[in-house]
$ cat structure_38.txt   # compact mmCIF, C-alpha atoms and all ligand atoms
# COMPACT_ATOMS: atom_id res chain seq x y z
CA MET A 349 83.25 105.96 85.82
CA SER A 350 85.37 105.98 82.72
CA ARG A 351 88.13 108.50 83.01
CA PRO A 352 91.27 108.02 80.92
CA CYS A 353 93.93 105.85 82.50
CA PRO A 354 96.91 107.83 83.89
CA CYS A 355 99.28 105.51 81.99
CA THR A 356 98.09 107.22 78.78
CA SER A 357 97.15 103.93 77.12
CA LYS A 358 94.06 105.72 75.74
CA ARG A 359 91.96 103.14 77.58
CA THR A 360 89.71 103.98 80.48
CA PHE A 361 91.13 103.67 83.98
CA ASP A 362 88.74 100.88 84.97
CA ALA A 363 89.61 98.89 81.81
CA CYS A 364 93.36 99.42 82.25
CA CYS A 365 95.34 99.92 85.47
CA GLU A 366 92.57 100.32 88.03
CA PRO A 367 92.11 96.58 88.81
CA TYR A 368 95.87 96.28 89.41
CA VAL A 369 96.50 99.32 91.59
CA THR A 370 93.48 98.47 93.72
CA GLY A 371 94.57 94.85 94.10
CA LYS A 372 91.52 93.31 92.37
CA LYS A 373 93.68 91.64 89.76
CA LEU A 374 97.33 90.76 89.22
CA PRO A 375 99.03 92.06 86.08
CA ALA A 376 99.41 89.20 83.59
CA THR A 377 102.42 90.68 81.80
CA PRO A 378 105.44 92.84 82.68
CA GLU A 379 104.00 95.59 80.47
CA GLN A 380 100.78 95.65 82.48
CA LEU A 381 102.78 95.78 85.68
CA MET A 382 104.99 98.54 84.31
CA ARG A 383 101.95 100.57 83.24
CA SER A 384 100.26 100.09 86.59
CA ARG A 385 103.43 101.22 88.38
CA PHE A 386 103.48 104.39 86.29
CA THR A 387 99.84 104.87 87.28
CA ALA A 388 100.77 104.30 90.93
CA TYR A 389 103.34 107.11 90.70
CA ALA A 390 100.69 109.30 89.08
CA LEU A 391 98.13 108.51 91.79
CA ARG A 392 100.66 108.61 94.65
CA LYS A 393 100.40 105.03 95.76
CA PRO A 394 103.82 104.22 97.24
CA ASP A 395 102.55 101.00 98.81
CA TYR A 396 101.74 99.58 95.39
CA LEU A 397 105.26 100.44 94.22
CA ILE A 398 106.74 98.66 97.23
CA GLU A 399 104.58 95.53 97.00
CA THR A 400 105.30 95.11 93.25
CA THR A 401 109.08 95.34 93.76
CA ALA A 402 111.06 92.08 93.98
CA GLU A 403 111.50 91.06 97.60
CA GLU A 404 115.31 91.37 97.66
CA LYS A 405 115.06 94.97 96.42
CA ARG A 406 112.26 96.05 98.74
CA GLY A 407 114.72 96.83 101.54
CA GLU A 408 116.28 99.59 99.41
CA LEU A 409 112.97 101.42 99.25
CA ASP A 410 112.02 104.08 101.73
CA ARG A 411 108.28 104.54 101.84
CA ALA A 412 108.46 108.19 102.97
CA GLU A 413 110.95 109.00 100.24
CA LEU A 414 108.79 107.28 97.63
CA ALA A 415 105.74 109.19 98.85
CA ARG A 416 107.65 112.46 98.60
CA TYR A 417 108.78 111.60 95.08
CA CYS A 418 105.22 110.69 94.03
CA ALA A 419 104.04 114.03 95.38
CA ALA A 420 106.75 115.96 93.54
CA VAL A 421 106.43 114.30 90.15
CA SER A 422 103.77 114.80 87.50
CA CYS A 423 103.48 111.77 85.27
CA ILE A 424 102.60 113.23 81.91
CA SER A 425 102.78 110.33 79.51
CA LEU A 426 104.15 106.87 79.04
CA LYS A 427 105.33 105.21 75.89
CA VAL A 428 106.27 101.54 75.86
CA ILE A 429 108.94 101.20 73.20
CA ARG A 430 109.60 97.47 73.26
CA THR A 431 109.05 94.38 75.36
CA GLU A 432 111.05 91.15 75.50
CA ASN A 433 109.80 87.83 76.88
CA GLY A 434 107.22 88.23 79.63
CA GLY A 435 104.87 85.70 78.08
CA PRO A 436 102.84 83.11 80.00
CA GLU A 437 105.73 80.60 79.76
CA ASP A 438 108.45 83.09 80.72
CA GLU A 439 109.96 83.69 84.14
CA THR A 440 111.48 87.04 83.22
CA GLY A 441 110.58 89.96 81.04
CA ILE A 442 111.98 93.27 79.90
CA VAL A 443 110.14 96.49 79.13
CA LEU A 444 111.80 99.45 77.48
CA PHE A 445 109.86 102.65 78.01
CA HIS A 446 109.97 106.42 77.88
CA ALA A 447 108.14 108.30 80.60
CA SER A 448 107.52 111.98 80.23
CA LEU A 449 107.68 113.53 83.70
CA GLN A 450 107.68 116.92 85.29
CA ILE A 451 109.59 117.39 88.54
CA ASN A 452 109.60 120.72 90.35
CA GLY A 453 108.31 122.44 87.23
CA LYS A 454 110.96 120.90 85.00
CA ARG A 455 110.04 118.55 82.16
CA MET A 456 112.18 115.49 81.62
CA LEU A 457 112.14 112.30 79.63
CA HIS A 458 112.93 109.24 81.72
CA ARG A 459 114.18 106.35 79.57
CA GLU A 460 114.39 102.99 81.24
CA LYS A 461 114.89 99.35 80.45
CA SER A 462 113.17 97.53 83.28
CA THR A 463 113.61 93.92 84.27
CA PHE A 464 110.73 91.91 85.71
CA ARG A 465 110.59 88.47 87.26
CA LYS A 466 107.73 86.10 87.87
CA GLU A 467 107.41 84.38 91.22
CA SER A 468 104.56 81.99 92.02
CA GLY A 469 102.68 83.32 89.02
CA ARG A 470 103.06 86.96 89.98
CA TRP A 471 105.24 89.55 88.20
CA PHE A 472 107.61 91.78 90.16
CA TYR A 473 109.77 94.72 89.18
CA VAL A 474 113.44 93.85 89.74
CA ASP A 475 115.38 96.88 88.55
CA GLY A 476 115.95 99.23 85.69
CA GLU A 477 118.76 100.65 83.60
CA THR A 478 118.47 104.29 82.72
CA ASN A 479 120.46 106.37 80.31
ZN ZN B 501 96.75 102.10 82.46

$ encode --input "structure_38.txt" --output "structure tokens" --more "lines below"
Ligand SMILES: [Zn+2]
Amino acid sequence: MSRPCPCTSKRTFDACCEPYVTGKKLPATPEQLMRSRFTAYALRKPDYLIETTAEEKRGELDRAELARYCAAVSCISLKVIRTENGGPEDETGIVLFHASLQINGKRMLHREKSTFRKESGRWFYVDGETN
């Protein structure tokens, strides 16, 4: 079934984030991981958000809190502004993005510069700077 991907890539869900959020495939780039995490917020998949977070940061996450946040937020659109590194030879990568969200009926633009790290061939979200 080809519905549009929640990450607003204009691709279909099955050709974009679906293989990642269902665990069929690992994202090959930080941008793919970032997009699939946005999709996981949109589809309320807190476990995906936890398992794609760097191990040392996972302890800061509260699954119930994440689930509540996913339920409260509407993920309207995502725009990837810029990426740095994150290629096949890189161990780290940066993704700068703008996410248009609605929380409790209020629209907001979330701007973040996220850092990703590769471990044993798999990308993880480390943290993000917002402003
Ligand atoms: Zn997508």

$ residues_around --input "structure_38.txt" --residues "range 404-414 of chain A" --least-positions-apart "4" --cutoff "8 Å" --atoms "only C-alpha atoms" --output "PyMOL selection string"
chain A and resi 394-395+398-399+418+474

$ residues_near_ligand --input "structure_38.txt" --ligand "ligand ZN 501 (chain B)" --cutoff "8 Å" --atoms "all atoms listed in the file" --output "list of chain:residue names"
A:Cys353, A:Pro354, A:Cys355, A:Thr356, A:Ser357, A:Arg359, A:Thr360, A:Phe361, A:Ala363, A:Cys364, A:Cys365, A:Glu366, A:Gln380, A:Arg383, A:Ser384, A:Thr387

$ axis_aligned_box --input "structure_38.txt" --around "range 378-382 of chain A" --padding-each-side "3 Å" --output "AutoDock Vina command-line options"
--center_x 103.1 --center_y 95.7 --center_z 83.1 --size_x 10.7 --size_y 11.7 --size_z 11.2

$ closest_residue --input "structure_38.txt" --among "A:Met456, A:Met382, A:Leu426, A:Ala420" --to "Gly476 in chain A" --atoms "all atoms listed in the file"
A:Met382

$ residues_around --input "structure_38.txt" --residues "Leu391 in chain A" --least-positions-apart "6" --cutoff "10 Å" --atoms "only C-alpha atoms" --output "PDB file with C-alpha atoms, in the frame of the given file"
ATOM      1  CA  PRO A 354      96.910 107.830  83.890  1.00  0.00           C
ATOM      2  CA  VAL A 369      96.500  99.320  91.590  1.00  0.00           C
ATOM      3  CA  ARG A 385     103.430 101.220  88.380  1.00  0.00           C
ATOM      4  CA  CYS A 418     105.220 110.690  94.030  1.00  0.00           C
ATOM      5  CA  ALA A 419     104.040 114.030  95.380  1.00  0.00           C
ATOM      6  CA  SER A 422     103.770 114.800  87.500  1.00  0.00           C
ATOM      7  CA  CYS A 423     103.480 111.770  85.270  1.00  0.00           C
TER       8      CYS A 423
END

$ residues_around --input "structure_38.txt" --residues "range 427-439 of chain A" --least-positions-apart "5" --cutoff "9 Å" --atoms "only C-alpha atoms" --output "PyMOL selection string"
chain A and resi 355-357+376-379+383+444-448+464-467+469+471

$ atom_distance --input "structure_38.txt" --atom1 "CA of Lys393 in chain A" --atom2 "CA of Arg351 in chain A"
18.0 Å

$ atom_distance --input "structure_38.txt" --atom1 "CA of Arg459 in chain A" --atom2 "CA of Lys372 in chain A"
29.1 Å

$ closest_residue --input "structure_38.txt" --among "A:Glu477, A:Pro367, A:Val421, A:Leu397" --to "Lys454 in chain A" --atoms "only C-alpha atoms"
A:Val421

$ closest_residue --input "structure_38.txt" --among "A:Ser350, A:Thr400, A:Ser468, A:Asn479" --to "Gly371 in chain A" --atoms "only C-alpha atoms"
A:Thr400

$ closest_residue --input "structure_38.txt" --among "A:Ile424, A:Leu457, A:Asp475, A:Thr370" --to "Phe386 in chain A" --atoms "only C-alpha atoms"
A:Ile424

$ atom_distance --input "structure_38.txt" --atom1 "CA of Arg392 in chain A" --atom2 "CA of Ala415 in chain A"
6.6 Å
